[in-house]
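Q: Structure file final14.cif (mmCIF, C-alpha atoms and all ligand atoms) is given on the next line.
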data_coords
#
loop_
_atom_site.label_atom_id
_atom_site.label_comp_id
_atom_site.auth_asym_id
_atom_site.auth_seq_id
_atom_site.Cartn_x
_atom_site.Cartn_y
_atom_site.Cartn_z
CA MET A 21 17.15 100.63 173.68
CA ILE A 22 17.95 104.29 173.01
CA VAL A 23 21.00 105.73 174.74
CA ASP A 24 22.82 109.05 174.61
CA LEU A 25 26.10 109.34 176.46
CA HIS A 26 27.27 112.67 175.04
CA THR A 27 25.13 115.81 175.43
CA HIS A 28 25.50 119.51 176.29
CA THR A 29 23.39 122.09 178.14
CA THR A 30 23.55 125.85 178.72
CA ALA A 31 26.07 125.10 181.49
CA SER A 32 28.58 124.91 178.62
CA ASP A 33 27.88 125.64 174.95
CA GLY A 34 24.50 123.93 174.60
CA GLY A 35 21.26 125.73 173.80
CA LEU A 36 18.89 123.92 176.20
CA SER A 37 18.77 124.29 179.95
CA PRO A 38 19.37 121.07 181.91
CA ALA A 39 15.60 120.71 182.52
CA GLU A 40 14.83 121.28 178.83
CA LEU A 41 17.44 118.68 177.85
CA VAL A 42 15.82 116.04 180.06
CA LEU A 43 12.38 116.86 178.67
CA ARG A 44 13.65 116.55 175.11
CA ALA A 45 15.38 113.26 175.98
CA GLN A 46 12.04 111.94 177.26
CA GLN A 47 10.34 113.05 174.04
CA CYS A 48 13.05 111.35 171.97
CA GLY A 49 12.67 108.07 173.86
CA VAL A 50 16.15 108.21 175.39
CA GLN A 51 16.35 105.74 178.27
CA LEU A 52 19.92 106.32 179.39
CA LEU A 53 21.34 109.85 179.23
CA ALA A 54 24.76 111.20 180.19
CA VAL A 55 25.14 114.96 180.53
CA THR A 56 28.67 115.79 179.41
CA ASP A 57 29.19 119.54 179.39
CA HIS A 58 32.60 120.94 178.48
CA ASP A 59 34.77 121.19 181.60
CA THR A 60 31.86 121.61 184.03
CA ILE A 61 29.43 119.50 186.05
CA ASP A 62 27.01 122.38 186.71
CA GLY A 63 24.50 121.13 184.12
CA TYR A 64 24.31 117.67 185.63
CA ARG A 65 23.94 119.16 189.12
CA ALA A 66 20.89 121.13 187.99
CA ILE A 67 19.35 118.03 186.40
CA SER A 68 19.58 115.89 189.49
CA GLU A 69 17.22 118.38 191.10
CA VAL A 70 14.47 118.04 188.52
CA ALA A 71 12.19 115.13 187.82
CA ALA A 72 14.02 112.95 185.32
CA GLY A 73 11.02 110.64 184.93
CA ASP A 74 11.97 107.38 183.28
CA VAL A 75 15.24 108.71 181.92
CA GLN A 76 18.20 107.22 183.76
CA ILE A 77 20.83 109.94 184.08
CA ILE A 78 24.57 109.44 184.35
CA ALA A 79 26.90 112.15 185.61
CA GLY A 80 29.42 113.08 182.96
CA ILE A 81 31.84 115.66 181.66
CA GLU A 82 33.79 116.38 178.47
CA LEU A 83 37.30 117.46 179.38
CA SER A 84 39.60 119.41 177.06
CA CYS A 85 43.23 118.30 177.02
CA THR A 86 46.23 117.98 174.72
CA TRP A 87 48.12 115.06 173.32
CA SER A 88 51.13 115.64 171.10
CA GLY A 89 50.01 119.18 170.29
CA VAL A 90 46.45 118.12 169.40
CA ASN A 91 43.37 119.35 171.29
CA ILE A 92 41.62 116.16 172.46
CA HIS A 93 38.29 115.67 174.26
CA VAL A 94 37.87 112.97 176.88
CA LEU A 95 34.48 112.07 178.32
CA GLY A 96 34.30 111.15 181.98
CA LEU A 97 31.24 109.00 182.65
CA GLY A 98 29.80 107.89 185.97
CA ILE A 99 31.85 110.43 187.90
CA ASP A 100 31.24 111.36 191.52
CA VAL A 101 30.33 115.04 191.19
CA ASP A 102 31.10 115.56 194.87
CA SER A 103 34.73 114.55 194.41
CA ALA A 104 36.76 117.33 196.06
CA CYS A 105 39.73 116.57 193.83
CA LEU A 106 37.69 116.88 190.62
CA LYS A 107 36.01 120.08 191.82
CA SER A 108 39.36 121.70 192.44
CA GLU A 109 40.71 120.61 189.04
CA LEU A 110 37.61 122.02 187.37
CA THR A 111 38.20 125.38 189.01
CA ASP A 112 41.65 125.36 187.40
CA GLN A 113 40.13 124.27 184.08
CA ARG A 114 37.76 127.22 184.20
CA ALA A 115 40.69 129.55 184.86
CA ALA A 116 42.52 127.95 181.90
CA ARG A 117 39.52 128.75 179.69
CA GLY A 118 39.68 132.37 180.85
CA GLU A 119 43.40 132.63 180.06
CA ARG A 120 42.88 130.96 176.71
CA ALA A 121 40.07 133.38 175.86
CA LYS A 122 42.35 136.36 176.48
CA ILE A 123 44.95 134.93 174.11
CA ILE A 124 42.31 134.15 171.46
CA GLY A 125 41.14 137.77 171.77
CA GLU A 126 44.70 139.10 171.39
CA ARG A 127 45.35 136.94 168.36
CA LEU A 128 42.11 137.99 166.67
CA ALA A 129 42.87 141.66 167.45
CA LYS A 130 46.13 141.29 165.52
CA LEU A 131 44.03 140.34 162.50
CA GLY A 132 41.98 143.51 162.97
CA PHE A 133 39.01 141.97 164.81
CA ASP A 134 38.66 144.26 167.82
CA GLY A 135 36.72 143.61 171.01
CA THR A 136 36.24 139.88 170.60
CA TYR A 137 37.32 138.98 174.15
CA GLU A 138 34.92 141.50 175.66
CA GLY A 139 32.16 140.49 173.25
CA ALA A 140 32.60 136.77 173.84
CA SER A 141 32.73 137.31 177.63
CA GLU A 142 29.44 139.16 177.52
CA LEU A 143 27.78 136.44 175.45
CA ALA A 144 29.06 133.78 177.87
CA GLU A 145 26.89 135.38 180.59
CA GLY A 146 29.03 134.09 183.45
CA ARG A 147 29.71 130.64 181.96
CA ALA A 148 33.27 129.69 181.11
CA ILE A 149 34.09 131.17 177.69
CA GLY A 150 34.40 128.90 174.69
CA ARG A 151 35.20 129.34 171.03
CA PRO A 152 31.48 129.27 170.13
CA ASP A 153 31.13 132.56 172.09
CA PHE A 154 33.85 134.11 169.93
CA ALA A 155 32.15 132.76 166.81
CA ARG A 156 28.77 134.18 167.85
CA PHE A 157 30.31 137.57 168.60
CA MET A 158 32.16 137.63 165.28
CA VAL A 159 28.87 137.01 163.47
CA ALA A 160 27.05 139.67 165.51
CA ALA A 161 29.86 142.20 164.87
CA GLY A 162 29.68 141.53 161.14
CA TYR A 163 33.26 140.16 161.04
CA VAL A 164 32.07 136.89 159.46
CA ASP A 165 28.84 135.76 157.85
CA SER A 166 28.31 132.60 159.95
CA MET A 167 29.57 130.54 162.88
CA ALA A 168 30.80 127.98 160.37
CA THR A 169 32.95 130.59 158.63
CA ALA A 170 34.31 131.78 161.98
CA PHE A 171 35.46 128.24 162.77
CA ASP A 172 36.65 127.45 159.24
CA LYS A 173 38.79 130.58 158.99
CA TYR A 174 39.76 131.64 162.50
CA LEU A 175 38.77 129.31 165.34
CA GLY A 176 38.83 125.71 164.11
CA ALA A 177 41.63 123.15 164.43
CA GLY A 178 44.97 124.60 163.34
CA LYS A 179 43.62 128.14 162.92
CA VAL A 180 44.82 131.22 164.78
CA GLY A 181 42.17 130.94 167.50
CA ASP A 182 42.88 127.27 168.21
CA VAL A 183 44.81 128.02 171.40
CA LYS A 184 45.44 124.90 173.44
CA ALA A 185 48.59 125.62 175.44
CA MET A 186 46.60 125.96 178.65
CA TRP A 187 45.01 122.54 178.59
CA PRO A 188 46.26 119.69 180.79
CA THR A 189 47.65 116.54 179.18
CA LEU A 190 45.60 113.51 178.16
CA GLU A 191 47.15 111.51 181.00
CA THR A 192 46.22 114.20 183.52
CA VAL A 193 42.52 114.36 182.63
CA VAL A 194 42.24 110.55 182.65
CA GLU A 195 43.71 110.70 186.15
CA TRP A 196 41.11 113.31 187.22
CA ILE A 197 38.28 111.13 185.91
CA LYS A 198 39.58 108.03 187.64
CA SER A 199 40.13 109.89 190.89
CA ALA A 200 36.42 110.82 190.77
CA GLY A 201 35.47 107.16 190.25
CA GLY A 202 34.55 107.69 186.59
CA VAL A 203 35.34 105.93 183.34
CA ALA A 204 37.40 107.77 180.70
CA VAL A 205 36.11 107.58 177.12
CA LEU A 206 37.93 109.02 174.12
CA ALA A 207 35.41 111.35 172.43
CA HIS A 208 34.82 111.54 168.65
CA PRO A 209 38.11 109.84 167.62
CA LEU A 210 37.78 110.92 163.99
CA HIS A 211 37.36 114.66 164.70
CA TYR A 212 41.08 115.12 165.23
CA LYS A 213 41.91 114.28 161.61
CA LEU A 214 44.84 112.08 162.67
CA THR A 215 46.39 109.49 160.38
CA ASN A 216 45.62 105.89 161.27
CA ALA A 217 49.12 105.45 162.71
CA LYS A 218 48.91 108.60 164.85
CA LEU A 219 45.39 107.81 166.04
CA ARG A 220 46.56 104.35 167.09
CA ARG A 221 49.49 105.91 168.96
CA MET A 222 47.09 108.22 170.75
CA LEU A 223 44.74 105.34 171.65
CA ALA A 224 47.68 103.31 172.95
CA ASP A 225 48.71 106.23 175.19
CA PHE A 226 45.09 106.71 176.29
CA LYS A 227 44.83 103.04 177.22
CA GLU A 228 48.15 103.17 179.02
CA ALA A 229 46.93 106.20 181.00
CA GLY A 230 43.87 104.23 182.14
CA GLY A 231 41.31 105.11 179.45
CA GLU A 232 38.64 102.41 179.16
CA GLY A 233 36.20 103.52 176.49
CA LEU A 234 36.03 104.65 172.87
CA GLU A 235 33.18 106.69 171.42
CA VAL A 236 32.38 104.32 168.56
CA CYS A 237 29.28 106.32 167.63
CA ASN A 238 29.36 110.14 167.73
CA GLY A 239 26.35 111.62 166.01
CA ARG A 240 25.46 109.75 162.82
CA PRO A 241 28.67 108.18 161.53
CA SER A 242 28.97 106.71 158.04
CA ALA A 243 29.09 102.92 157.68
CA THR A 244 32.79 103.20 156.84
CA ASP A 245 33.59 105.25 159.94
CA LEU A 246 31.55 102.91 162.13
CA ALA A 247 33.39 99.85 160.83
CA TYR A 248 36.74 101.56 161.43
CA LEU A 249 35.85 102.64 164.97
CA ARG A 250 34.47 99.21 165.90
CA GLN A 251 37.75 97.72 164.70
CA LEU A 252 39.79 100.17 166.79
CA CYS A 253 37.57 99.44 169.78
CA LYS A 254 38.23 95.73 169.36
CA ASP A 255 41.97 96.10 168.68
CA PHE A 256 42.51 98.11 171.88
CA ASP A 257 39.94 96.18 173.91
CA PHE A 258 37.94 99.30 174.80
CA GLU A 259 34.30 99.38 175.85
CA ALA A 260 32.15 101.18 173.28
CA SER A 261 30.21 104.38 173.89
CA ALA A 262 27.57 106.16 171.80
CA GLY A 263 26.25 109.71 171.91
CA SER A 264 24.69 112.36 169.71
CA ASP A 265 26.95 115.22 170.97
CA PHE A 266 23.69 117.18 171.05
CA HIS A 267 24.13 120.93 171.56
CA GLN A 268 20.81 122.45 170.53
CA PRO A 269 17.66 121.85 168.50
CA ASN A 270 17.87 122.89 164.84
CA ASN A 271 21.13 122.78 162.91
CA TRP A 272 22.30 119.97 165.16
CA LEU A 273 21.73 116.23 165.39
CA GLU A 274 18.80 115.05 167.48
CA LEU A 275 19.24 113.29 170.81
CA GLY A 276 19.45 109.49 170.97
CA CYS A 277 21.41 106.60 169.47
CA ASP A 278 20.21 103.05 168.91
CA ALA A 279 22.17 100.96 171.42
CA LYS A 280 22.73 98.32 168.73
CA VAL A 281 24.96 100.68 166.77
CA VAL A 282 28.09 99.65 168.68
CA ALA A 283 27.55 95.87 168.35
CA PRO A 284 29.52 93.63 168.49
CA CYS A 285 31.65 95.82 170.79
CA ARG A 286 30.95 95.71 174.54
CA PRO A 287 28.67 98.63 175.44
CA ILE A 288 30.08 100.81 178.20
CA TRP A 289 26.60 101.59 179.52
CA ALA A 290 26.23 97.98 180.71
CA ARG A 291 28.07 99.28 183.78
CA TRP A 292 25.14 101.48 184.77
CA GLN A 293 22.02 100.42 182.93
CA ARG A 294 19.07 99.42 185.09
CA ALA A 295 18.18 95.74 185.00
CA GLU A 296 14.83 96.40 183.29
CA LEU A 297 16.53 98.03 180.31
CA SER A 298 17.85 95.67 177.70
CA VAL A 299 19.64 96.23 174.42
P1 LIG A 301 35.97 125.04 172.96
O1 LIG A 301 35.20 124.19 173.93
O2 LIG A 301 36.06 126.46 173.40
O3 LIG A 301 37.30 124.44 172.57
O4 LIG A 301 35.10 125.09 171.62
C1 LIG A 301 34.83 123.90 170.93
C2 LIG A 301 33.34 123.79 170.61
O5 LIG A 301 33.07 124.60 169.47
C3 LIG A 301 32.90 122.40 170.21
O6 LIG A 301 32.57 121.64 171.33
C4 LIG A 301 31.68 122.67 169.38
O7 LIG A 301 30.55 122.83 170.21
C5 LIG A 301 31.97 124.03 168.76
N1 LIG A 301 32.36 123.93 167.34
C6 LIG A 301 33.46 123.32 166.85
N2 LIG A 301 33.50 123.44 165.50
C7 LIG A 301 32.40 124.14 165.14
C8 LIG A 301 31.87 124.63 163.90
N3 LIG A 301 32.50 124.40 162.74
N4 LIG A 301 30.72 125.32 163.92
C9 LIG A 301 30.08 125.56 165.09
N5 LIG A 301 30.53 125.15 166.29
C10 LIG A 301 31.67 124.45 166.32
MN MN A 302 30.66 122.10 172.20
MN MN A 303 34.01 117.45 171.75
MN MN A 304 30.69 117.37 172.96
#
Using C-alpha cells, write down the structure that the file contains.

A:
Amino acid sequence: MIVDLHTHTTASDGGLSPAELVLRAQQCGVQLLAVTDHDTIDGYRAISEVAAGDVQIIAGIELSCTWSGVNIHVLGLGIDVDSACLKSELTDQRAARGERAKIIGERLAKLGFDGTYEGASELAEGRAIGRPDFARFMVAAGYVDSMATAFDKYLGAGKVGDVKAMWPTLETVVEWIKSAGGVAVLAHPLHYKLTNAKLRRMLADFKEAGGEGLEVCNGRPSATDLAYLRQLCKDFDFEASAGSDFHQPNNWLELGCDAKVVAPCRPIWARWQRAELSV
C-alpha cells in the first residue's frame, strides 16, 4: 500500500493546486493521502469538491508552534474542518504569520535588503506569507543566487529571518487539533537538529500534551534515521506516520511512501484506512 500523510498545495507553499495534487497522487499510486498545508485547511476544502477517484483523502494541517525556543511543526490528521474553534484559531495563526512577516522584513532591511516584506506579500498573492516567499523575492531581486542560499544565510533555523515569537506553544496546537477531533503527529523529528536528550524531552512533553503520533518517515530517510525514529516511536508508544512532505514537482521528493516503511511500529493510518486497503 502507498500512503502519503504529509503534502502541500498552493493554499500554502506548495506548487500544485489541490486538484493537481490529487491527480498526481493518482498517477503515483497513492491510496491514502493527507493534505497538510501550513496553518490552513483551504487546500483540503478545495479537494473535497473535486473527484478524488480512488484516492482516500484525509483532512490535515501542519501547524507551526514553539517548544523551548525551537520552531516545531505538528501535523493534525483527521481533523473536522468545520470545527468553529479550529477555524478561529487559524484566523489568529494567519494574523501571526502577517506579524512575523513584517518583523522578517524589518530584520532583512537592517542588513540592507530593502522591500522584502512588500515583495514577499506580492508573491504570496493573498495566501498567508511564508519564508519561501521571502526567499523567492530575494532571488528575484538579485539579493541571493538561490532559495537555498536565502535559507542557509538569512531565513533558515537560527538565522536572522527565523522569527518564531508569534507562534503558539506546542501544547496549544495539540489542544487545537484535539478540539477539532484530530490526531496530533510530530512532524519531521530530525529537522530540528536537537540532541537525543533534548528531542526526547520534547517528545515527552508532546506526549504529555496529548500528541499521539510520530512522523517516522518524512521523505526518504536514511536507514540510520529510520532505525532511530522507529526506536523513538516504540519508546514513547506513538503511532507511526509517513509522508513525502511534497511541495512541488522537480527539485522535491515525489509523492508516496511504502506503508511498510514504518514497520514494526503501529501505522497511524489504520485509524482511517478503508477495509479494502491492506498494508
Ligand atoms: P514558514 O512556513 O514560513 O516557517 O517557512 C518554512 C518553509 O520553508 C518550509 O515548510 C519549507 O517549505 C521551506 N523551506 C525550509 N527550508 C528550505 C530550504 N533550505 N530551501 C527551500 N525551502 C525551504
Ligand atoms: Mn513548506
Ligand atoms: Mn514542516
Ligand atoms: Mn510540510

Q: Just the number, please: distance in Å from atom O2 of ligand LIG 301 (chain A) to atom CA of A:Phe226, one decimal.

A: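 Atom O2 of ligand LIG 301 (chain A) sits 21.9 Å away from atom CA of A:Phe226.
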
Q: Could you give me, as a CSV table (one decimal) with C-alpha atoms, keeping the file's coordinate frame, the residues within 12 Å of A:Ser88, counting all atoms listed in the file and dropping anything in the same chain fewer than 6 positions from it?

A:
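Result went into result_27.csv, see below:
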chain,number,residue,atom,x,y,z
A,184,LYS,CA,45.4,124.9,173.4
A,185,ALA,CA,48.6,125.6,175.4
A,187,TRP,CA,45.0,122.5,178.6
A,188,PRO,CA,46.3,119.7,180.8
A,189,THR,CA,47.6,116.5,179.2
A,190,LEU,CA,45.6,113.5,178.2
A,191,GLU,CA,47.2,111.5,181.0
A,212,TYR,CA,41.1,115.1,165.2
A,214,LEU,CA,44.8,112.1,162.7
A,218,LYS,CA,48.9,108.6,164.8
A,219,LEU,CA,45.4,107.8,166.0
A,221,ARG,CA,49.5,105.9,169.0
A,222,MET,CA,47.1,108.2,170.8
A,225,ASP,CA,48.7,106.2,175.2
A,226,PHE,CA,45.1,106.7,176.3

Q: Would you write out, as a Markdown table, a table of all residues in stretch 175-236 of chain A that have an atom no more than 12 Å from an atom of stretch 35-58 of chain A, listing for each the closest atom pair and the distance in Å to one decimal, considering all atoms listed in the file and ordering rows by chain and rising residue number?

A:
| residue | atom | partner | partner_atom | distance |
| --- | --- | --- | --- | --- |
| A:Ala204 | CA | A:Thr56 | CA | 11.9 |
| A:Val205 | CA | A:Thr56 | CA | 11.3 |
| A:Ala207 | CA | A:Thr56 | CA | 10.7 |

Q: Throw together the list of residues within 10 Å of ligand LIG 301 (chain A), counting only C-alpha atoms and all ligand atoms, and drop it here as a ChimeraX atom specification.

A: /A:28,32-34,57-59,82-85,91-93,117,120-121,148-156,166-173,175-177,181-184,187,211,265-268,271-272

Q: To one decimal place in Å, what is the distance between atom CA of A:Ala279 and atom CA of A:Gly263?

A: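 A separation of 9.7 Å between them.
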
Q: So which one's closest to A:Gly125, A:Asp255, A:Glu235, A:Glu138, A:Glu145? Using all atoms listed in the file, please.

A: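 Ranked by minimum distance to A:Gly125, first place goes to A:Glu138.
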
Q: Just checking: using all atoms listed in the file, which residue out of A:Ala115, A:Ala260, A:Leu110, A:Ala224 ends up closest to A:Pro287?

A: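 Ranking A:Ala115, A:Ala260, A:Leu110, A:Ala224 by distance to A:Pro287, first place goes to A:Ala260.
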
Q: Emit as AutoDock Vina command-line options the padded axis-aligned box for all listed atoms of stretch 260-272 of chain A, 4 Å per side, with centre and edge lengths in Å to one decimal.

A:
--center_x 24.9 --center_y 112.0 --center_z 168.4 --size_x 22.5 --size_y 29.7 --size_z 19.0

Q: For the atom pair atom CA of A:Lys280 and atom CA of A:Val203, what is the interatomic distance in Å to one decimal place?

A: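 Straight-line distance from atom CA of A:Lys280 to atom CA of A:Val203 works out to 20.7 Å.
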
Q: Using all atoms listed in the file, pick whichever of A:Ala31, A:Leu128, A:Leu97, A:Cys253 has the shortest atom-to-atom distance to ligand MN 302 (chain A).

A: A:Ala31

Q: Pick from A:Ile77, A:Val94, A:Cys277, A:Ala116: nearest to ligand MN 303 (chain A), with only C-alpha atoms and all ligand atoms counted?

A: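 Closest to ligand MN 303 (chain A) of all the choices is A:Val94.
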
Q: Find the residues near A:Ala200: any atom within 9 Å, counting all atoms listed in the file, skip ones fewer than 6 places away on the same chain, and give them as a ChimeraX atom specification.

A: /A:98-106

Q: Find the residue from A:Pro209, A:Pro284, A:Gly162, A:Gly135 that sits nearest to ligand MN 304 (chain A); use only C-alpha atoms and all ligand atoms when measuring.

A: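 Residue with the minimum atom-to-atom distance to ligand MN 304 (chain A): A:Pro209.
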
Q: Using only C-alpha atoms and all ligand atoms, pick whichever of A:Asp134, A:Ile288, A:Glu296, A:Gly239 has the shortest atom-to-atom distance to ligand MN 303 (chain A).

A: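 Closest candidate: A:Gly239.
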
Q: Would you kindly return, as a list in words, each protein, DNA or RNA residue with an atom no farther than 9 Å from any atom of A:Lys198, considering only C-alpha atoms and excluding same-chain residues fewer than 3 positions away?

A: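 Listing them by chain and then by number gives Gly96, Ile99, Val193, Val194, Glu195, Gly201, Gly202, Val203, Ala204, Gly230 and Gly231 of chain A.
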
Q: What does the file look like for those residues with C-alpha atoms, as a PDB file, keeping the file's coordinate frame?

A:
ATOM      1  CA  GLY A  96      34.300 111.150 181.980  1.00  0.00           C
ATOM      2  CA  ILE A  99      31.850 110.430 187.900  1.00  0.00           C
ATOM      3  CA  VAL A 193      42.520 114.360 182.630  1.00  0.00           C
ATOM      4  CA  VAL A 194      42.240 110.550 182.650  1.00  0.00           C
ATOM      5  CA  GLU A 195      43.710 110.700 186.150  1.00  0.00           C
ATOM      6  CA  GLY A 201      35.470 107.160 190.250  1.00  0.00           C
ATOM      7  CA  GLY A 202      34.550 107.690 186.590  1.00  0.00           C
ATOM      8  CA  VAL A 203      35.340 105.930 183.340  1.00  0.00           C
ATOM      9  CA  ALA A 204      37.400 107.770 180.700  1.00  0.00           C
ATOM     10  CA  GLY A 230      43.870 104.230 182.140  1.00  0.00           C
ATOM     11  CA  GLY A 231      41.310 105.110 179.450  1.00  0.00           C
TER      12      GLY A 231
END
